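*Asks:* Before we start, here is the structure in question, set down as structure tokens.
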Amino acid sequence: MALAPYPKLKAALFPQCAVHGIPSLDISLYHLIKSLHPFDPSRLFGWQSANTLAVGDTSNELPHFSRPDLINRYAITERLDFLYYLRHGRPSFAFGTFLVQHLAKSKSSKQQIQCAAEEAYSLGLVHFCTPSVAASCVCFLELLGVESFKLRVDLKVANIILDHLSKLNVESTFGLKQTLAEKVAKLSECEKTAAAELLVLLEEAVSDNINKQGLSRTSYKSGQEWSLVIQFCKLHGLKLSTTFLHECAEANDWLQFILFIQLSNYQADEVNALLEEFNPPLKDHLLLAFNNLQIISCREMDGYQSNTESIKIEKMHITKNPTDLFQILLCCQDKSPPWHYLTSEAVRQQAPILTILAACLRDANILHCLCVWIITHLDTITVEEATNHIKDSLEHHEFDLHDFTMIWKLLLKKQNSKVLIRGFQLFQKDSPLLHLLHMYEMCQENKNYSEAKNRLQEFHMCLTSLKTAPKPSCEIPVAWLQSQATALLLLMLQQCQTQYELRKLLQLFADIDNILISSGPNFKKLSALSQILQDTAVPINPDILCNYSLENLQKECNEILKQLLEKHLFILARQVAKLAELPVDSLVIHELLQELSVLKNRGQWCRKEAREHFWRKCHEAFICNSVTHGSAYEFFLNQASAIALKEPVVESSDEEEIDNIQEKYFLLTIAGHWVAQKDAVPIDQLEAVEKEIWLCRIAQHIALNNCLYRYSRQFSADGTSFEDAATEFAFNKLCALNTSKYLKLEGLPNKETADCRLNRVQTEALNLLVGHLLDEGCIHESSRVCRYFNFYSRDVALVLHCRALASGDADATQFHPDIQIIIAGRLSLNEGTEKEEETSSDSTQSSFVVAQNPGDKVVKHLQILTEECIHGTSYCRQVLSLYELSQKLGCTFSDISAQDPEMVLREVLSSSQPEKYKKAQAFITTQNLDSQTVADLIAGEVVQALLSSSGVKGTNQKQIYSSADGKEEFRKLAKLCQDPSVVGAKLLDRICSVPSGELACTVELLILAHDCFTATCHMEGIARVLDAARHLSHDHLTPNEEYSLMVRLLTGIGRYNDMTYIFDLLHQNHRFEMLLRKNVESVCARHWCQLCF
């Protein structure tokens, strides 16, 4: 069966049939081993089916050690005790074996358990260096219900000694373990000698560990290390070790000495012997204290049975009102919670030490202990102020963060920081506020600002770590720390006695401005402000520190700015304004006024060029410093008002008075220029300024016409006068002033209502100046001036009536009676010669009317008003021409007058009227359109027409020119411009805007531009066209094989002598026949073709 998985091997060893025709033999493997000793196949291998020698009684099963018959005949049995399992680290099996083998059949279970515990204790000591065995023994004792503390202490002692001796390399580790195991095993036999020897080794090991850890030999942690030695002594009945006490006595560390003897329960005689090692004063104090010591615990008093009444009374008195420190400490153990009892006693007995002891207890409220500790250190008056808000008794009150806040603020207000510093050192030594309090002390008492900066940086680091910590270790919230830190910094600023201290503190606080709460002051700005005012007598108002805000800071800086300006400290004032983001209007104005004062003091102000230069400098300074328009306006207006003018007279006007008039004129103009730039233009202010300007113009006109004034203008060093400078800032054509209401008849003074308050000389000057305005086409301004002075001007009235008649606002019957009389008189005068007058009007007034309708009364009336005008005739003619044009175009006068003149001209040219060019020329003349404007319109329309003909998408407007119109139509367009060469130049300039693929458009533009230049014999323009044609032919037409366009360019320009390169190009590219097929009109061209090619 064993060979069943290997059939080939089985078939080879035990063949069942013939192999290659050879019959199988009757001898098997078992026959071969039959004669071998000690194998007996008759008795062995009976379980093999191939064994034919086996007898019948042989077992058919493979022998194994689990068969009962073999076990009964041959096995050796042994029972495993619980110690076996303990040696193998199996305490639960050991405990189960112990229960079955020992406790189940025993009647004295306690004795059995005690014996088993002793055996396990001995086994654990022997195998102390085998952790599994030692741990199994400890666990087994706990399962038995026996205390395992002694075994654990001995095991720890043995391992500490082993580690210590191993580091000394006294002998091999194996031999060291054997020797130490023998000594430790004797502890189970309670041998004092072995325990004493181990104690010596243990003391050496503990002392060596303390040294290696770098601990102080008298520290509390060192005492914890020595507690193992004391436990070992107590467990084995040895005298308590005094090594640690000797070291405390040598170091005069009485506190650790008392704590250790109290925790270890040393006997009084042992302690008294050790006191001799202290220094004499300390020894006397300790002896006195120990002689009066009463060791009485509350538990001992409860268990003490006394029948005397005095003892019972004493017991109750001690329990309720303990006065001794140890009595209080013992009584607190029976209170819940103990730490609160200690703090209550601390308040009652004014004993701060009790709060320190209370903080050491479990679950103690550290903040409460800190508050009580501070309360016990303060005088009665301060305590009442700090706890005035507390209604209940201080002994039973539990202090919280609010109570601590009141105490904190009061002590800092009284500058008593030492108590807070000591309290935080005792109770919260890791609190960031400790660094802040040190900083407070350094600044307020020591004036050591460099060290205070280090403390402040440490506070910053601690506070940052608390913010980022997942679970803050400090009991005080971070938000409270931030708020109180801000309050402390502000309090420090308020407690400063001098500006020097304030500047130092602000400079110190500027580095932590980013970690304080958002509502706190901006120390960086305050520090910068203090640095600016360092060398001045201008202080910072302390109120800004109490109520800080951006608005209050700007108010304070504004007050400081005023004081600096009074002291003429302009550089510092500018720094303050920049810091507080204040407008610099007043600063710039004060600087300019100071410079003005300097110029006057130096005697330079009398020079006209110096004054003009100064006023321009003021204007530029206002622009550079972004001064508000209102401030600049007020400045120039005030300066203009400061110039007093004399009453104008005819007899005399000196040179100084003329300069004053011109200077005031200039200042008023630039003032109006500034006020006109406001977002919402104040029309009333503009009109008031303009009225003052006109008063200056009237006075200037009178002075310039004075015969004693020997010059017409005074020029400054740079060649400009105040009047020329005023022209630069003129605002009389501002849209806000030139409104349509000034073109209305309403409000215009007439002859009856006019009440001009000017004198005769001024009125005459005003009348003349208004006439000049009308001649210049300034109708709005002339109308405003008449209204300003309530002045009647006949020409202004005629001009406005003319416009009202054309716009339809009024007809002749609604005119003023004086105007009606003028119209009626002229109509009756012209009644007999109407045709002659109409013909004369056609030739002199307008070219729009070819065959005028005699019944058109409006045109007649407009002509009459135009003829009656002395000044403003050109404007009346414009009105008449626009009215006639509106009639032809079928629109109203208001619509066409509101349009741009270029748009009107375009509408005229795009119309289909037969004499549109004549009308357009008349419109250009009456509207005074310059050649550049007309040429630009024509060039744009021509380019658009050429692009539209080549398929480029254009505008939907009706075109004034088409490429199919021919050269004659283009020449008519070009002649509309006074100088056609300007049109040619505009066409050349627009070639760069033509798309690169539109070569046909470029060719036509060159041809048209050449026609314009040829018409005026403009040789420079012709040269430009020829250069452009050569460049176009070589760089664009030839590479793109546009030979037809090349022929068009040659024949269109027609300068064959100058364009022979085109003949060459056509010949070189075998396209000369294209020129021959062209119907060349020029004889010269045909001769060139015949002679050259």
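By convention here, the chains of the structure tokens are called A, B, ... in the order presented, each chain's residues are numbered starting at 1, and ligands are numbered starting at 1 in the order presented.
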Tell me which protein, DNA and RNA residues are within 9 Å of A:Lys562, counting only C-alpha atoms, leaving out same-chain ones fewer than 4 positions away, and put them as a PyMOL selection string.
*Replies:* chain A and resi 557-558+566-567+573+586-587
*Asks:* Env of A:Leu420: 8 Å cut, atoms = only C-alpha atoms, seq-sep filter 6 positions within chain, self excluded. Answer as a list in words.
*Replies:* Ile374, Trp408, Leu411 and Leu437 of chain A
*Asks:* Take the residues just selected and output them with all heavy atoms as a tab-separated table (two decimals), in the first residue's frame.
*Replies:*
```tsv
chain	number	residue	atom	x	y	z
A	374	ILE	N	-2.41	82.86	44.57
A	374	ILE	CA	-2.23	84.30	44.42
A	374	ILE	C	-2.99	85.05	45.51
A	374	ILE	O	-2.48	86.02	46.09
A	374	ILE	CB	-2.71	84.73	43.03
A	374	ILE	CG1	-1.82	84.10	41.95
A	374	ILE	CG2	-2.71	86.24	42.89
A	374	ILE	CD1	-2.29	84.36	40.54
A	408	TRP	N	-5.87	88.77	37.29
A	408	TRP	CA	-4.79	89.09	36.34
A	408	TRP	C	-4.78	90.59	36.00
A	408	TRP	O	-3.75	91.26	36.05
A	408	TRP	CB	-5.00	88.24	35.09
A	408	TRP	CG	-4.24	88.62	33.88
A	408	TRP	CD1	-4.61	89.53	32.94
A	408	TRP	CD2	-2.97	88.11	33.44
A	408	TRP	NE1	-3.68	89.63	31.95
A	408	TRP	CE2	-2.65	88.76	32.22
A	408	TRP	CE3	-2.09	87.17	33.93
A	408	TRP	CZ2	-1.50	88.51	31.51
A	408	TRP	CZ3	-0.93	86.90	33.21
A	408	TRP	CH2	-0.63	87.56	32.04
A	411	LEU	N	-3.77	92.86	39.14
A	411	LEU	CA	-2.35	92.84	39.48
A	411	LEU	C	-1.51	93.58	38.44
A	411	LEU	O	-0.55	94.28	38.77
A	411	LEU	CB	-1.86	91.40	39.62
A	411	LEU	CG	-2.43	90.62	40.81
A	411	LEU	CD1	-1.87	89.21	40.84
A	411	LEU	CD2	-2.13	91.32	42.12
A	437	LEU	N	4.97	87.66	30.88
A	437	LEU	CA	5.18	88.35	32.16
A	437	LEU	C	6.65	88.72	32.35
A	437	LEU	O	6.96	89.79	32.89
A	437	LEU	CB	4.69	87.46	33.30
A	437	LEU	CG	3.17	87.26	33.38
A	437	LEU	CD1	2.83	86.19	34.40
A	437	LEU	CD2	2.49	88.57	33.75
```
*Asks:* Can you pull out the residues contacting A:His801? Cut-off 9 Å, using only C-alpha atoms, and skip same-chain residues under 2 positions away; I want them as a VMD selection string.
*Replies:* chain A and resid 744 to 745 796 to 799 803 to 806 810 812 815 to 816 819 862 865
*Asks:* Give me a file of those residues, with N, CA, C and O atoms, as a tab-separated table (two decimals), in the first residue's frame.
*Replies:*
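File written: part_18.tsv
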```tsv
chain	number	residue	atom	x	y	z
A	744	LYS	N	-31.49	128.29	-26.75
A	744	LYS	CA	-32.91	128.62	-26.70
A	744	LYS	C	-33.08	130.12	-26.48
A	744	LYS	O	-32.20	130.82	-25.97
A	745	LEU	N	-34.24	130.60	-26.85
A	745	LEU	CA	-34.55	132.01	-26.65
A	745	LEU	C	-34.98	132.29	-25.21
A	745	LEU	O	-34.91	133.45	-24.76
A	796	VAL	N	-26.38	138.48	-30.93
A	796	VAL	CA	-26.70	137.21	-30.25
A	796	VAL	C	-28.17	136.89	-30.41
A	796	VAL	O	-28.57	135.75	-30.68
A	797	ALA	N	-29.01	137.91	-30.26
A	797	ALA	CA	-30.45	137.69	-30.41
A	797	ALA	C	-30.78	137.25	-31.82
A	797	ALA	O	-31.61	136.34	-32.04
A	798	LEU	N	-30.15	137.89	-32.84
A	798	LEU	CA	-30.42	137.49	-34.21
A	798	LEU	C	-29.96	136.06	-34.49
A	798	LEU	O	-30.66	135.29	-35.16
A	799	VAL	N	-28.80	135.69	-33.96
A	799	VAL	CA	-28.29	134.33	-34.20
A	799	VAL	C	-29.21	133.29	-33.58
A	799	VAL	O	-29.55	132.28	-34.22
A	803	ARG	N	-31.55	130.33	-35.38
A	803	ARG	CA	-31.55	128.89	-35.08
A	803	ARG	C	-32.93	128.41	-34.65
A	803	ARG	O	-33.35	127.32	-35.02
A	804	ALA	N	-33.64	129.22	-33.85
A	804	ALA	CA	-34.98	128.83	-33.42
A	804	ALA	C	-35.93	128.70	-34.60
A	804	ALA	O	-36.79	127.82	-34.65
A	805	LEU	N	-35.76	129.60	-35.58
A	805	LEU	CA	-36.61	129.54	-36.77
A	805	LEU	C	-36.30	128.28	-37.59
A	805	LEU	O	-37.21	127.60	-38.08
A	806	ALA	N	-35.02	127.93	-37.72
A	806	ALA	CA	-34.65	126.75	-38.51
A	806	ALA	C	-35.05	125.46	-37.81
A	806	ALA	O	-35.47	124.49	-38.47
A	810	ALA	N	-39.68	128.10	-32.93
A	810	ALA	CA	-40.55	129.29	-32.99
A	810	ALA	C	-40.63	129.75	-34.44
A	810	ALA	O	-39.73	129.51	-35.24
A	812	ALA	N	-41.91	133.16	-37.11
A	812	ALA	CA	-41.71	134.61	-37.14
A	812	ALA	C	-42.73	135.35	-36.31
A	812	ALA	O	-42.45	136.44	-35.78
A	815	PHE	N	-41.63	135.74	-32.60
A	815	PHE	CA	-40.37	136.42	-32.30
A	815	PHE	C	-40.63	137.68	-31.49
A	815	PHE	O	-41.77	138.16	-31.34
A	816	HIS	N	-39.54	138.21	-30.97
A	816	HIS	CA	-39.62	139.47	-30.25
A	816	HIS	C	-40.06	140.56	-31.23
A	816	HIS	O	-39.71	140.54	-32.42
A	819	ILE	N	-37.45	141.92	-33.59
A	819	ILE	CA	-37.06	141.01	-34.67
A	819	ILE	C	-38.14	140.99	-35.74
A	819	ILE	O	-37.85	140.95	-36.96
A	862	LEU	N	-34.68	133.45	-42.82
A	862	LEU	CA	-33.30	133.13	-42.44
A	862	LEU	C	-32.32	134.03	-43.19
A	862	LEU	O	-31.31	134.48	-42.63
A	865	LEU	N	-32.39	137.48	-41.56
A	865	LEU	CA	-31.67	137.52	-40.28
A	865	LEU	C	-30.17	137.45	-40.50
A	865	LEU	O	-29.39	138.09	-39.79
```
*Asks:* One decimal, in Å: what's the spacing between atom CA of A:Val1047 and atom CA of A:Leu1065?
*Replies:*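 Those two atoms sit 10.4 Å apart.
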*Asks:* I'd like the neighbourhood of stretch 477-480 of chain A as a PDB file with all heavy atoms, in the first residue's frame, where a residue qualifies if any of its atoms comes within 8 Å (using only C-alpha atoms), though same-chain residues fewer than 4 positions away should be ignored.
*Replies:*
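Now in selection-v7.pdb:
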```pdb
ATOM      1  N   LEU A 463       2.959  80.152  21.642  1.00  0.00           N
ATOM      2  CA  LEU A 463       1.574  80.337  21.221  1.00  0.00           C
ATOM      3  C   LEU A 463       1.316  79.673  19.867  1.00  0.00           C
ATOM      4  O   LEU A 463       0.262  79.080  19.639  1.00  0.00           O
ATOM      5  CB  LEU A 463       1.267  81.827  21.147  1.00  0.00           C
ATOM      6  CG  LEU A 463      -0.217  82.196  20.996  1.00  0.00           C
ATOM      7  CD1 LEU A 463      -0.994  81.712  22.210  1.00  0.00           C
ATOM      8  CD2 LEU A 463      -0.374  83.699  20.852  1.00  0.00           C
ATOM      9  N   LEU A 466       0.972  75.962  20.423  1.00  0.00           N
ATOM     10  CA  LEU A 466      -0.334  75.627  21.008  1.00  0.00           C
ATOM     11  C   LEU A 466      -1.440  75.643  19.951  1.00  0.00           C
ATOM     12  O   LEU A 466      -2.365  74.824  19.986  1.00  0.00           O
ATOM     13  CB  LEU A 466      -0.679  76.617  22.118  1.00  0.00           C
ATOM     14  CG  LEU A 466       0.040  76.426  23.458  1.00  0.00           C
ATOM     15  CD1 LEU A 466      -0.377  77.516  24.431  1.00  0.00           C
ATOM     16  CD2 LEU A 466      -0.257  75.055  24.053  1.00  0.00           C
ATOM     17  N   LYS A 467      -1.330  76.568  19.000  1.00  0.00           N
ATOM     18  CA  LYS A 467      -2.351  76.625  17.945  1.00  0.00           C
ATOM     19  C   LYS A 467      -2.314  75.394  17.053  1.00  0.00           C
ATOM     20  O   LYS A 467      -3.352  74.896  16.614  1.00  0.00           O
ATOM     21  CB  LYS A 467      -2.142  77.883  17.099  1.00  0.00           C
ATOM     22  CG  LYS A 467      -2.525  79.176  17.803  1.00  0.00           C
ATOM     23  CD  LYS A 467      -2.299  80.355  16.852  1.00  0.00           C
ATOM     24  CE  LYS A 467      -2.683  81.664  17.497  1.00  0.00           C
ATOM     25  NZ  LYS A 467      -2.458  82.810  16.587  1.00  0.00           N
ATOM     26  N   GLN A 484      -5.736  88.321  26.265  1.00  0.00           N
ATOM     27  CA  GLN A 484      -5.042  88.912  27.410  1.00  0.00           C
ATOM     28  C   GLN A 484      -3.659  89.416  27.032  1.00  0.00           C
ATOM     29  O   GLN A 484      -3.159  90.370  27.630  1.00  0.00           O
ATOM     30  CB  GLN A 484      -4.953  87.885  28.547  1.00  0.00           C
ATOM     31  CG  GLN A 484      -6.297  87.499  29.127  1.00  0.00           C
ATOM     32  CD  GLN A 484      -7.103  88.713  29.557  1.00  0.00           C
ATOM     33  OE1 GLN A 484      -6.595  89.608  30.217  1.00  0.00           O
ATOM     34  NE2 GLN A 484      -8.377  88.751  29.160  1.00  0.00           N
TER      35      GLN A 484
END
```
*Asks:* Could you state the separation of atom CA of A:Thr628 and atom CA of A:Asp585 in Å, given to one decimal place?
*Replies:*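 Atom CA of A:Asp585 lies at a distance of 6.9 Å from atom CA of A:Thr628.
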*Asks:* With only C-alpha atoms as the basis for distance, which of A:Lys967, A:Leu162, A:Glu556, A:Glu609 is at the shortest distance from A:Gly175?
*Replies:* A:Leu162
*Asks:* Could you list, as a list of chain:residue names, every residue within 6 Å of A:Ile161, counting only C-alpha atoms and ignoring same-chain residues fewer than 2 positions away?
*Replies:*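 Listing them by chain and then by number gives A:Ala158, A:Asn159, A:Asp163, A:His164, A:Leu202, A:Ala205.
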*Asks:* Can you pull out every residue from stretch 52-290 of chain A that DSSP, working from the backbone, puts in alpha helix (DSSP H), and format the result as a PyMOL selection string?
*Replies:* chain A and resi 68-74+82-87+91-98+109-126+131-144+149-168+173-185+192-213+220-235+243-250+254-264+268-274+280-290
*Asks:* For A:Pro91, which of A:Leu800, A:Ala135, A:Cys786, A:Leu456 is the closest residue, counting only C-alpha atoms?
*Replies:*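 Checking each candidate against A:Pro91, we get A:Ala135 as the closest.
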*Asks:* For A:Phe260, list every protein, DNA or RNA residue within 9 Å, evaluated using only C-alpha atoms, and leave out those in the same chain fewer than 2 positions away; present the list as a PyMOL selection string.
*Replies:* chain A and resi 220+223+227+244-245+255-258+262-266
*Asks:* Please identify all polymer residues within 9 Å of stretch 357-364 of chain A, counting only C-alpha atoms, omitting same-chain residues fewer than 5 positions from it, and present them as an NGL selection string.
*Replies:* :A and (329 or 337-343 or 369-370 or 427)
*Asks:* Produce a file of the selected residues containing N, CA, C and O atoms, as an mmCIF file, in the first residue's frame.
*Replies:*
```
data_model
loop_
_atom_site.group_PDB
_atom_site.id
_atom_site.type_symbol
_atom_site.label_atom_id
_atom_site.label_comp_id
_atom_site.auth_asym_id
_atom_site.auth_seq_id
_atom_site.Cartn_x
_atom_site.Cartn_y
_atom_site.Cartn_z
ATOM 1 N N LEU A 329 -2.815 67.297 55.886
ATOM 2 C CA LEU A 329 -2.559 66.362 54.790
ATOM 3 C C LEU A 329 -3.249 65.034 55.022
ATOM 4 O O LEU A 329 -3.741 64.404 54.081
ATOM 5 N N PRO A 337 -13.400 66.364 46.866
ATOM 6 C CA PRO A 337 -12.066 65.897 46.488
ATOM 7 C C PRO A 337 -11.004 66.419 47.464
ATOM 8 O O PRO A 337 -11.179 67.501 48.027
ATOM 9 N N PRO A 338 -9.926 65.725 47.630
ATOM 10 C CA PRO A 338 -8.914 66.143 48.614
ATOM 11 C C PRO A 338 -8.285 67.491 48.280
ATOM 12 O O PRO A 338 -7.993 68.277 49.184
ATOM 13 N N TRP A 339 -8.037 67.753 46.968
ATOM 14 C CA TRP A 339 -7.355 68.999 46.615
ATOM 15 C C TRP A 339 -8.183 70.230 46.965
ATOM 16 O O TRP A 339 -7.644 71.286 47.303
ATOM 17 N N HIS A 340 -9.519 70.130 46.871
ATOM 18 C CA HIS A 340 -10.365 71.271 47.208
ATOM 19 C C HIS A 340 -10.320 71.554 48.712
ATOM 20 O O HIS A 340 -10.369 72.726 49.144
ATOM 21 N N TYR A 341 -10.214 70.497 49.512
ATOM 22 C CA TYR A 341 -10.088 70.683 50.958
ATOM 23 C C TYR A 341 -8.787 71.416 51.287
ATOM 24 O O TYR A 341 -8.770 72.314 52.146
ATOM 25 N N LEU A 342 -7.721 71.078 50.599
ATOM 26 C CA LEU A 342 -6.447 71.731 50.857
ATOM 27 C C LEU A 342 -6.491 73.217 50.465
ATOM 28 O O LEU A 342 -5.951 74.072 51.169
ATOM 29 N N THR A 343 -7.112 73.524 49.346
ATOM 30 C CA THR A 343 -7.198 74.941 48.947
ATOM 31 C C THR A 343 -8.085 75.738 49.897
ATOM 32 O O THR A 343 -7.810 76.920 50.178
ATOM 33 N N CYS A 369 -6.107 76.227 41.900
ATOM 34 C CA CYS A 369 -4.980 76.270 42.837
ATOM 35 C C CYS A 369 -4.139 77.529 42.624
ATOM 36 O O CYS A 369 -3.678 78.144 43.595
ATOM 37 N N LEU A 370 -3.946 77.929 41.360
ATOM 38 C CA LEU A 370 -3.182 79.131 41.072
ATOM 39 C C LEU A 370 -3.872 80.370 41.626
ATOM 40 O O LEU A 370 -3.216 81.244 42.220
ATOM 41 N N PHE A 427 2.801 76.675 39.025
ATOM 42 C CA PHE A 427 1.616 75.918 38.613
ATOM 43 C C PHE A 427 1.536 75.690 37.097
ATOM 44 O O PHE A 427 1.010 74.662 36.668
#
```
*Asks:* What is the distance, in Å and to one decimal place, between atom CA of A:Met1074 and atom CA of A:Tyr961?
*Replies:*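 Those two atoms sit 29.3 Å apart.
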